[in-house]
file protein00.txt (compact mmCIF, C-alpha atoms)
# COMPACT_ATOMS: atom_id res chain seq x y z
CA MET Z 1 -57.66 78.04 29.72
CA SER Z 2 -60.75 77.45 31.85
CA GLU Z 3 -60.46 77.67 35.60
CA PHE Z 4 -62.64 76.35 38.38
CA THR Z 5 -63.78 78.45 41.26
CA VAL Z 6 -65.23 76.92 44.40
CA VAL Z 7 -67.49 79.31 46.28
CA SER Z 8 -68.93 78.57 49.71
CA ALA Z 9 -72.53 79.71 50.13
CA THR Z 10 -74.68 79.76 53.28
CA GLY Z 11 -71.70 79.19 55.54
CA ASP Z 12 -70.06 75.86 54.95
CA VAL Z 13 -73.10 73.64 54.45
CA VAL Z 14 -73.69 74.36 50.73
CA ARG Z 15 -70.77 74.21 48.29
CA VAL Z 16 -71.22 75.92 44.93
CA ILE Z 17 -68.83 74.62 42.26
CA THR Z 18 -68.67 76.93 39.26
CA VAL Z 19 -67.02 75.96 35.97
CA ASP Z 20 -65.44 79.32 35.19
CA GLY Z 21 -64.13 79.62 31.63
CA PRO Z 22 -66.77 81.68 29.81
CA LYS Z 23 -64.55 82.58 26.83
CA ARG Z 24 -64.79 78.93 25.74
CA ARG Z 25 -68.28 78.40 27.18
CA ASN Z 26 -66.72 76.45 30.06
CA ALA Z 27 -65.44 73.67 27.78
CA LEU Z 28 -63.38 71.00 29.55
CA ALA Z 29 -59.72 70.56 28.70
CA SER Z 30 -57.74 67.90 30.57
CA SER Z 31 -56.32 70.39 33.07
CA THR Z 32 -59.76 71.76 33.88
CA VAL Z 33 -61.19 68.27 34.27
CA GLU Z 34 -58.48 67.63 36.86
CA ALA Z 35 -59.48 70.83 38.67
CA LEU Z 36 -63.14 69.88 38.60
CA ASP Z 37 -62.33 66.43 39.92
CA ALA Z 38 -60.43 68.00 42.82
CA ALA Z 39 -63.25 70.45 43.59
CA VAL Z 40 -65.95 67.77 43.58
CA SER Z 41 -63.81 65.40 45.65
CA ALA Z 42 -63.11 68.11 48.22
CA ALA Z 43 -66.82 68.92 48.55
CA PHE Z 44 -67.77 65.29 49.13
CA ASP Z 45 -64.91 64.78 51.60
CA ASP Z 46 -65.67 67.91 53.63
CA GLU Z 47 -67.86 66.83 56.56
CA GLY Z 48 -69.25 70.34 56.89
CA VAL Z 49 -70.69 70.34 53.37
CA ARG Z 50 -74.19 68.87 53.29
CA ALA Z 51 -75.31 69.72 49.74
CA MET Z 52 -73.71 70.89 46.50
CA VAL Z 53 -74.58 73.03 43.49
CA LEU Z 54 -72.86 72.59 40.13
CA THR Z 55 -73.07 75.43 37.60
CA GLY Z 56 -71.21 77.33 34.88
CA ALA Z 57 -70.07 80.94 34.62
CA GLY Z 58 -71.02 83.51 32.03
CA GLY Z 59 -74.58 82.38 31.39
CA PHE Z 60 -73.61 78.96 30.02
CA PHE Z 61 -73.38 75.65 31.85
CA CYS Z 62 -70.77 73.71 29.85
CA ALA Z 63 -69.98 73.22 26.15
CA GLY Z 64 -68.63 69.72 26.78
CA ALA Z 65 -65.11 68.56 26.08
CA ASP Z 66 -62.75 71.18 24.68
CA LEU Z 67 -62.26 69.90 21.13
CA LYS Z 68 -59.36 72.30 20.58
CA ALA Z 69 -57.39 70.77 23.44
CA PRO Z 70 -55.71 67.38 23.03
CA PRO Z 71 -57.60 64.62 24.89
CA ALA Z 72 -54.58 62.32 25.11
CA LEU Z 73 -52.51 61.97 28.25
CA GLY Z 74 -49.42 59.79 28.22
CA LYS Z 75 -48.94 56.99 25.71
CA GLY Z 76 -50.60 53.71 24.82
CA VAL Z 77 -53.97 52.59 23.53
CA GLY Z 78 -55.85 54.34 26.31
CA ALA Z 79 -54.12 57.71 25.91
CA PRO Z 80 -56.74 59.28 23.57
CA ALA Z 81 -59.48 58.53 26.10
CA ALA Z 82 -57.53 59.57 29.19
CA ARG Z 83 -59.56 62.73 29.69
CA LEU Z 84 -62.73 60.66 29.47
CA ALA Z 85 -61.48 58.38 32.23
CA MET Z 86 -61.13 61.40 34.53
CA ILE Z 87 -64.61 62.60 33.57
CA HIS Z 88 -65.96 59.13 34.42
CA HIS Z 89 -64.56 59.54 37.93
CA ILE Z 90 -66.35 62.88 38.37
CA LEU Z 91 -69.63 61.47 37.06
CA ASP Z 92 -69.37 58.47 39.37
CA MET Z 93 -68.89 60.75 42.38
CA LEU Z 94 -71.83 62.96 41.47
CA HIS Z 95 -74.07 59.99 40.80
CA ARG Z 96 -73.14 57.63 43.61
CA ARG Z 97 -71.66 59.49 46.57
CA PRO Z 98 -74.19 60.32 49.28
CA LYS Z 99 -74.49 64.11 49.30
CA PRO Z 100 -77.25 65.62 47.13
CA VAL Z 101 -76.15 67.69 44.12
CA VAL Z 102 -78.25 70.30 42.29
CA ALA Z 103 -77.34 71.38 38.75
CA ALA Z 104 -78.04 75.02 37.85
CA VAL Z 105 -78.23 75.34 34.05
CA GLU Z 106 -78.10 78.59 32.13
CA GLY Z 107 -77.49 78.66 28.40
CA GLY Z 108 -76.54 75.22 27.17
CA ALA Z 109 -75.42 71.90 28.60
CA VAL Z 110 -73.70 70.20 25.66
CA GLY Z 111 -72.09 66.79 25.30
CA VAL Z 112 -70.38 65.74 28.48
CA GLY Z 113 -71.72 68.96 30.00
CA TRP Z 114 -75.17 67.38 29.72
CA SER Z 115 -73.75 64.19 31.26
CA LEU Z 116 -72.65 66.23 34.29
CA VAL Z 117 -76.21 67.53 34.65
CA LEU Z 118 -77.71 64.05 34.32
CA ALA Z 119 -75.38 62.73 37.03
CA CYS Z 120 -76.76 65.28 39.51
CA ASP Z 121 -79.78 64.57 41.67
CA PHE Z 122 -81.78 67.69 40.75
CA THR Z 123 -81.76 70.12 37.83
CA ILE Z 124 -82.87 73.76 37.79
CA ALA Z 125 -82.84 75.26 34.29
CA ALA Z 126 -83.44 78.71 32.86
CA GLN Z 127 -86.35 79.08 30.45
CA ASP Z 128 -84.01 79.62 27.50
CA ALA Z 129 -81.57 76.84 28.41
CA TYR Z 130 -81.12 73.81 26.20
CA PHE Z 131 -79.46 70.39 26.18
CA LEU Z 132 -77.59 68.84 23.26
CA ALA Z 133 -75.66 65.63 22.58
CA PRO Z 134 -73.74 66.47 19.35
CA PHE Z 135 -71.61 63.33 19.19
CA ALA Z 136 -73.07 61.78 16.03
CA GLY Z 137 -72.55 65.03 14.12
CA LEU Z 138 -68.87 64.92 15.07
CA GLY Z 139 -68.40 61.33 13.98
CA ILE Z 140 -67.91 60.01 17.51
CA VAL Z 141 -69.99 57.95 19.92
CA PRO Z 142 -71.82 59.36 22.95
CA ASP Z 143 -69.65 59.38 26.04
CA GLY Z 144 -69.83 60.47 29.64
CA GLY Z 145 -72.48 57.83 30.32
CA ILE Z 146 -75.09 59.92 28.51
CA ALA Z 147 -76.59 56.94 26.64
CA TRP Z 148 -77.02 55.13 29.97
CA PHE Z 149 -78.57 58.13 31.72
CA LEU Z 150 -80.95 59.04 28.91
CA SER Z 151 -82.13 55.52 28.03
CA ARG Z 152 -83.09 54.90 31.66
CA ALA Z 153 -84.67 58.29 32.17
CA ILE Z 154 -86.74 58.64 28.97
CA GLY Z 155 -86.58 55.27 27.20
CA ARG Z 156 -84.47 53.92 24.35
CA GLN Z 157 -86.36 55.47 21.45
CA ARG Z 158 -86.43 58.99 22.83
CA ALA Z 159 -82.77 58.66 23.76
CA ALA Z 160 -81.95 57.41 20.26
CA ARG Z 161 -83.52 60.49 18.69
CA LEU Z 162 -81.51 62.85 20.89
CA LEU Z 163 -78.25 60.95 20.43
CA MET Z 164 -78.35 59.91 16.77
CA LEU Z 165 -79.91 62.86 14.95
CA PRO Z 166 -78.92 64.91 17.15
CA GLU Z 167 -81.40 67.58 18.24
CA ARG Z 168 -81.43 70.37 20.76
CA LEU Z 169 -83.76 69.74 23.67
CA PRO Z 170 -85.21 73.00 25.07
CA ALA Z 171 -85.48 73.23 28.84
CA GLY Z 172 -89.28 73.16 28.75
CA ASP Z 173 -89.31 69.94 26.75
CA ALA Z 174 -86.68 68.48 29.09
CA ARG Z 175 -88.99 69.19 32.00
CA GLU Z 176 -91.86 67.45 30.24
CA LEU Z 177 -89.61 64.39 29.87
CA GLY Z 178 -88.75 64.46 33.57
CA LEU Z 179 -85.15 65.60 33.06
CA VAL Z 180 -85.56 69.00 34.75
CA ASN Z 181 -87.14 69.73 38.12
CA GLU Z 182 -87.90 73.42 37.76
CA ILE Z 183 -87.82 76.10 35.05
CA VAL Z 184 -86.92 79.65 36.11
CA PRO Z 185 -86.41 82.99 34.34
CA PRO Z 186 -82.98 83.49 32.73
CA GLY Z 187 -80.34 84.43 35.28
CA GLU Z 188 -82.15 82.81 38.21
CA ALA Z 189 -81.04 79.18 37.91
CA LEU Z 190 -78.16 79.48 40.37
CA GLY Z 191 -80.15 81.33 43.01
CA THR Z 192 -82.97 78.80 42.83
CA ALA Z 193 -80.53 75.88 42.89
CA VAL Z 194 -78.88 77.29 46.02
CA GLU Z 195 -82.32 77.55 47.65
CA TRP Z 196 -82.95 73.89 46.85
CA ALA Z 197 -79.52 72.98 48.24
CA GLN Z 198 -80.22 74.95 51.42
CA ARG Z 199 -83.42 72.97 51.93
CA LEU Z 200 -81.55 69.71 51.36
CA ALA Z 201 -78.75 70.77 53.72
CA ALA Z 202 -81.29 71.52 56.44
CA GLY Z 203 -82.81 68.06 56.14
CA ALA Z 204 -81.81 64.77 57.71
CA ARG Z 205 -78.27 64.08 56.53
CA ASP Z 206 -78.31 60.30 56.92
CA ALA Z 207 -81.85 59.85 55.59
CA THR Z 208 -81.01 61.95 52.53
CA ALA Z 209 -77.82 59.97 51.87
CA LEU Z 210 -79.62 56.65 52.26
CA THR Z 211 -82.44 57.80 50.00
CA LYS Z 212 -79.93 58.69 47.29
CA MET Z 213 -78.40 55.23 47.73
CA LEU Z 214 -81.85 53.64 47.46
CA LEU Z 215 -82.64 55.51 44.25
CA ARG Z 216 -79.40 54.32 42.70
CA ALA Z 217 -80.15 50.76 43.76
CA ALA Z 218 -83.56 51.02 42.07
CA GLU Z 219 -81.85 51.90 38.78
CA ASN Z 220 -79.67 48.82 38.86
CA THR Z 221 -81.82 46.19 40.55
CA PRO Z 222 -84.05 44.39 38.02
CA SER Z 223 -85.87 42.32 40.62
CA TYR Z 224 -88.48 43.93 42.88
CA ARG Z 225 -87.74 41.32 45.53
CA ASP Z 226 -84.01 42.14 45.46
CA PHE Z 227 -84.80 45.84 45.67
CA LEU Z 228 -86.82 45.26 48.83
CA ASP Z 229 -83.68 43.77 50.38
CA HIS Z 230 -81.88 47.06 49.70
CA GLU Z 231 -84.84 48.91 51.16
CA TRP Z 232 -84.80 46.83 54.34
CA VAL Z 233 -81.10 47.52 54.92
CA THR Z 234 -81.44 51.28 54.41
CA ALA Z 235 -84.57 51.40 56.59
CA ALA Z 236 -82.79 49.54 59.38
CA LEU Z 237 -79.85 51.94 59.22
CA ALA Z 238 -82.08 55.01 59.18
CA LEU Z 239 -84.36 53.86 62.00
CA ASN Z 240 -81.36 53.26 64.27
CA GLY Z 241 -79.76 56.63 63.53
CA PRO Z 242 -79.90 60.02 65.26
CA ASP Z 243 -81.98 61.60 62.49
CA ALA Z 244 -84.87 59.22 63.12
CA ALA Z 245 -84.65 59.84 66.85
CA GLU Z 246 -84.80 63.61 66.31
CA GLY Z 247 -87.68 63.20 63.85
CA ARG Z 248 -89.71 61.19 66.36
CA ALA Z 249 -88.95 63.65 69.15
CA ALA Z 250 -89.94 66.64 67.02
CA PHE Z 251 -93.20 64.94 66.01
CA ALA Z 252 -94.05 64.13 69.62
CA GLU Z 253 -93.19 67.68 70.76
CA ARG Z 254 -95.01 69.30 67.81
CA ARG Z 255 -91.97 71.25 66.64
CA LEU Z 256 -89.75 71.36 63.57
CA PRO Z 257 -86.89 68.83 63.66
CA ASN Z 258 -83.33 70.08 64.08
CA PHE Z 259 -81.20 67.83 61.93

call {"tool": "encode", "arguments": {"input": "protein00.txt", "output": "structure tokens"}}
result
Amino acid sequence: MSEFTVVSATGDVVRVITVDGPKRRNALASSTVEALDAAVSAAFDDEGVRAMVLTGAGGFFCAGADLKAPPALGKGVGAPAARLAMIHHILDMLHRRPKPVVAAVEGGAVGVGWSLVLACDFTIAAQDAYFLAPFAGLGIVPDGGIAWFLSRAIGRQRAARLLMLPERLPAGDARELGLVNEIVPPGEALGTAVEWAQRLAAGARDATALTKMLLRAAENTPSYRDFLDHEWVTAALALNGPDAAEGRAAFAERRLPNF
């Protein structure tokens, strides 16, 4: 059975969450999804944590749902999809809650493992890493919000090719499509992701959180005029906060800001 290890890096400001079940390529059974949910929730709720890194142990990010473990929990029509409901909660936290999250991908990110990556704000991938949505080949539909993420990120036709054929997407090609921020040599994804998280943690906490909120609003606001309303609200909040005051003071004093 996979286990989840939560490791604190750089003091308490960066939380590294590692999916640690390499014998099954970090596949997610129901019990491990519950553990991941608890780890992600704890990181977001901890006021001392300012940025997060999500990764997998053993040179592989995540093989997706554990197909050898029963997905059903309880009884009733929703029982077969109970594990998916828990995964949805994790994805929603990663995607919507204010702290920035960096995915560090070695090996493969498959199925809902790829969904976890897409829900993060940044992705660092090893040169030999790949992404795969194998649902069609298993006779099931894409889940974990992957059709939503991909269609918005790369367009419907590119998403259709990856979801319906399906095909592996090498890390280099993923970067060309805008799905990966940086490619690094094998074995260096986690270290680079932690460096990114350290930079984010050292930045303006409120401004970073509001920027993440603004980016999410842009995804879901079809009207430019309505989006500007979101922008005005976030700008008003930021300009009245302590981060903006420190930024102005640092600029006036010609020093680096201390957020």

call {"tool": "residues_around", "arguments": {"input": "protein00.txt", "residues": "Z:Leu116", "least_positions_apart": "5", "cutoff": "8 Å", "atoms": "all atoms listed in the file", "output": "compact mmCIF listing (two decimals) with C-alpha atoms, in the coordinates of the input"}}
result
# COMPACT_ATOMS: atom_id res chain seq x y z
CA LEU Z 91 -69.63 61.47 37.06
CA LEU Z 94 -71.83 62.96 41.47
CA GLY Z 144 -69.83 60.47 29.64

call {"tool": "closest_residue", "arguments": {"input": "protein00.txt", "among": "Z:Val13, Z:Leu169, Z:Leu214, Z:Ala202", "to": "Z:Leu228", "atoms": "all atoms listed in the file"}}
result
Z:Leu214

call {"tool": "closest_residue", "arguments": {"input": "protein00.txt", "among": "Z:Arg156, Z:Arg161, Z:Arg15, Z:Arg24", "to": "Z:Ala136", "atoms": "only C-alpha atoms"}}
result
Z:Arg161

call {"tool": "closest_atom_pairs", "arguments": {"input": "protein00.txt", "of": "stretch 91-181 of chain Z", "to": "stretch 196-199 of chain Z", "cutoff": "9 Å", "atoms": "all atoms listed in the file", "output": "Markdown table"}}
result
| residue | atom | partner | partner_atom | distance |
| --- | --- | --- | --- | --- |
| Z:Pro100 | CA | Z:Ala197 | CA | 7.8 |
| Z:Val101 | CA | Z:Ala197 | CA | 7.5 |
| Z:Val102 | CA | Z:Ala197 | CA | 6.6 |
| Z:Phe122 | CA | Z:Trp196 | CA | 8.8 |

call {"tool": "closest_residue", "arguments": {"input": "protein00.txt", "among": "Z:Val40, Z:Ala153, Z:Ala171, Z:Val110", "to": "Z:Phe135", "atoms": "all atoms listed in the file"}}
result
Z:Val110

call {"tool": "residues_around", "arguments": {"input": "protein00.txt", "residues": "Z:Gly178", "least_positions_apart": "3", "cutoff": "9 Å", "atoms": "all atoms listed in the file", "output": "PyMOL selection string"}}
result
chain Z and resi 153-154+173-175+181

call {"tool": "axis_aligned_box", "arguments": {"input": "protein00.txt", "around": "stretch 129-137 of chain Z", "padding_each_side": "4 Å", "output": "lines of an AutoDock Vina configuration file"}}
result
center_x = -76.6
center_y = 69.3
center_z = 21.3
size_x = 18.0
size_y = 23.1
size_z = 22.3

call {"tool": "decode", "arguments": {"input": "protein00.txt", "residues": "stretch 41-72 of chain Z", "atoms": "N, CA and C atoms", "output": "mmCIF file, in the first residue's frame"}}
result
data_model
loop_
_atom_site.group_PDB
_atom_site.id
_atom_site.type_symbol
_atom_site.label_atom_id
_atom_site.label_comp_id
_atom_site.auth_asym_id
_atom_site.auth_seq_id
_atom_site.Cartn_x
_atom_site.Cartn_y
_atom_site.Cartn_z
ATOM 1 N N SER Z 41 -4.451 19.404 2.742
ATOM 2 C CA SER Z 41 -5.261 20.268 3.610
ATOM 3 C C SER Z 41 -4.409 20.876 4.717
ATOM 4 N N ALA Z 42 -3.564 20.047 5.340
ATOM 5 C CA ALA Z 42 -2.722 20.537 6.431
ATOM 6 C C ALA Z 42 -1.766 21.616 5.947
ATOM 7 N N ALA Z 43 -1.221 21.451 4.744
ATOM 8 C CA ALA Z 43 -0.286 22.445 4.214
ATOM 9 C C ALA Z 43 -0.975 23.777 3.954
ATOM 10 N N PHE Z 44 -2.187 23.724 3.405
ATOM 11 C CA PHE Z 44 -2.911 24.966 3.144
ATOM 12 C C PHE Z 44 -3.363 25.629 4.449
ATOM 13 N N ASP Z 45 -3.684 24.830 5.452
ATOM 14 C CA ASP Z 45 -4.186 25.388 6.708
ATOM 15 C C ASP Z 45 -3.076 25.914 7.614
ATOM 16 N N ASP Z 46 -1.843 25.481 7.390
ATOM 17 C CA ASP Z 46 -0.722 25.893 8.228
ATOM 18 C C ASP Z 46 -0.293 27.306 7.826
ATOM 19 N N GLU Z 47 -0.459 28.262 8.724
ATOM 20 C CA GLU Z 47 -0.134 29.654 8.422
ATOM 21 C C GLU Z 47 1.350 29.861 8.138
ATOM 22 N N GLY Z 48 2.194 28.966 8.650
ATOM 23 C CA GLY Z 48 3.620 29.114 8.430
ATOM 24 C C GLY Z 48 4.072 28.680 7.055
ATOM 25 N N VAL Z 49 3.270 27.868 6.374
ATOM 26 C CA VAL Z 49 3.612 27.384 5.041
ATOM 27 C C VAL Z 49 3.210 28.428 4.011
ATOM 28 N N ARG Z 50 4.168 28.841 3.178
ATOM 29 C CA ARG Z 50 3.886 29.886 2.196
ATOM 30 C C ARG Z 50 3.907 29.382 0.759
ATOM 31 N N ALA Z 51 4.447 28.185 0.538
ATOM 32 C CA ALA Z 51 4.468 27.584 -0.797
ATOM 33 C C ALA Z 51 4.596 26.074 -0.634
ATOM 34 N N MET Z 52 4.164 25.336 -1.659
ATOM 35 C CA MET Z 52 4.158 23.885 -1.588
ATOM 36 C C MET Z 52 4.802 23.291 -2.828
ATOM 37 N N VAL Z 53 5.345 22.075 -2.655
ATOM 38 C CA VAL Z 53 5.856 21.274 -3.769
ATOM 39 C C VAL Z 53 5.186 19.913 -3.696
ATOM 40 N N LEU Z 54 4.686 19.437 -4.835
ATOM 41 C CA LEU Z 54 4.062 18.122 -4.915
ATOM 42 C C LEU Z 54 4.910 17.248 -5.828
ATOM 43 N N THR Z 55 5.301 16.054 -5.349
ATOM 44 C CA THR Z 55 6.158 15.186 -6.138
ATOM 45 C C THR Z 55 5.884 13.728 -5.810
ATOM 46 N N GLY Z 56 6.603 12.837 -6.478
ATOM 47 C CA GLY Z 56 6.464 11.407 -6.243
ATOM 48 C C GLY Z 56 7.811 10.785 -5.939
ATOM 49 N N ALA Z 57 7.812 9.689 -5.204
ATOM 50 C CA ALA Z 57 9.048 9.017 -4.818
ATOM 51 C C ALA Z 57 9.484 8.017 -5.893
ATOM 52 N N GLY Z 58 10.750 7.628 -5.823
ATOM 53 C CA GLY Z 58 11.233 6.555 -6.670
ATOM 54 C C GLY Z 58 11.371 6.896 -8.138
ATOM 55 N N GLY Z 59 11.536 8.163 -8.471
ATOM 56 C CA GLY Z 59 11.727 8.542 -9.860
ATOM 57 C C GLY Z 59 10.487 8.502 -10.720
ATOM 58 N N PHE Z 60 9.309 8.539 -10.093
ATOM 59 C CA PHE Z 60 8.050 8.531 -10.850
ATOM 60 C C PHE Z 60 7.061 9.417 -10.115
ATOM 61 N N PHE Z 61 6.340 10.249 -10.864
ATOM 62 C CA PHE Z 61 5.402 11.156 -10.190
ATOM 63 C C PHE Z 61 4.187 10.388 -9.663
ATOM 64 N N CYS Z 62 3.353 9.884 -10.552
ATOM 65 C CA CYS Z 62 2.159 9.151 -10.115
ATOM 66 C C CYS Z 62 1.566 8.412 -11.300
ATOM 67 N N ALA Z 63 1.256 7.122 -11.099
ATOM 68 C CA ALA Z 63 0.679 6.289 -12.156
ATOM 69 C C ALA Z 63 -0.833 6.416 -12.251
ATOM 70 N N GLY Z 64 -1.414 7.347 -11.503
ATOM 71 C CA GLY Z 64 -2.865 7.526 -11.543
ATOM 72 C C GLY Z 64 -3.563 6.683 -10.498
ATOM 73 N N ALA Z 65 -4.825 6.421 -10.724
ATOM 74 C CA ALA Z 65 -5.599 5.609 -9.790
ATOM 75 C C ALA Z 65 -5.078 4.174 -9.788
ATOM 76 N N ASP Z 66 -5.081 3.570 -8.622
ATOM 77 C CA ASP Z 66 -4.643 2.177 -8.489
ATOM 78 C C ASP Z 66 -5.766 1.272 -8.989
ATOM 79 N N LEU Z 67 -5.591 0.731 -10.201
ATOM 80 C CA LEU Z 67 -6.648 -0.069 -10.816
ATOM 81 C C LEU Z 67 -6.812 -1.435 -10.155
ATOM 82 N N LYS Z 68 -5.840 -1.842 -9.327
ATOM 83 C CA LYS Z 68 -5.960 -3.104 -8.618
ATOM 84 C C LYS Z 68 -6.674 -2.952 -7.284
ATOM 85 N N ALA Z 69 -6.937 -1.725 -6.893
ATOM 86 C CA ALA Z 69 -7.645 -1.462 -5.639
ATOM 87 C C ALA Z 69 -9.071 -1.060 -5.961
ATOM 88 N N PRO Z 70 -10.044 -1.539 -5.183
ATOM 89 C CA PRO Z 70 -11.439 -1.196 -5.473
ATOM 90 C C PRO Z 70 -11.704 0.291 -5.296
ATOM 91 N N PRO Z 71 -12.364 0.946 -6.268
ATOM 92 C CA PRO Z 71 -12.643 2.376 -6.162
ATOM 93 C C PRO Z 71 -13.858 2.675 -5.298
ATOM 94 N N ALA Z 72 -14.706 1.653 -5.070
ATOM 95 C CA ALA Z 72 -15.972 1.886 -4.382
ATOM 96 C C ALA Z 72 -15.783 2.055 -2.889
#
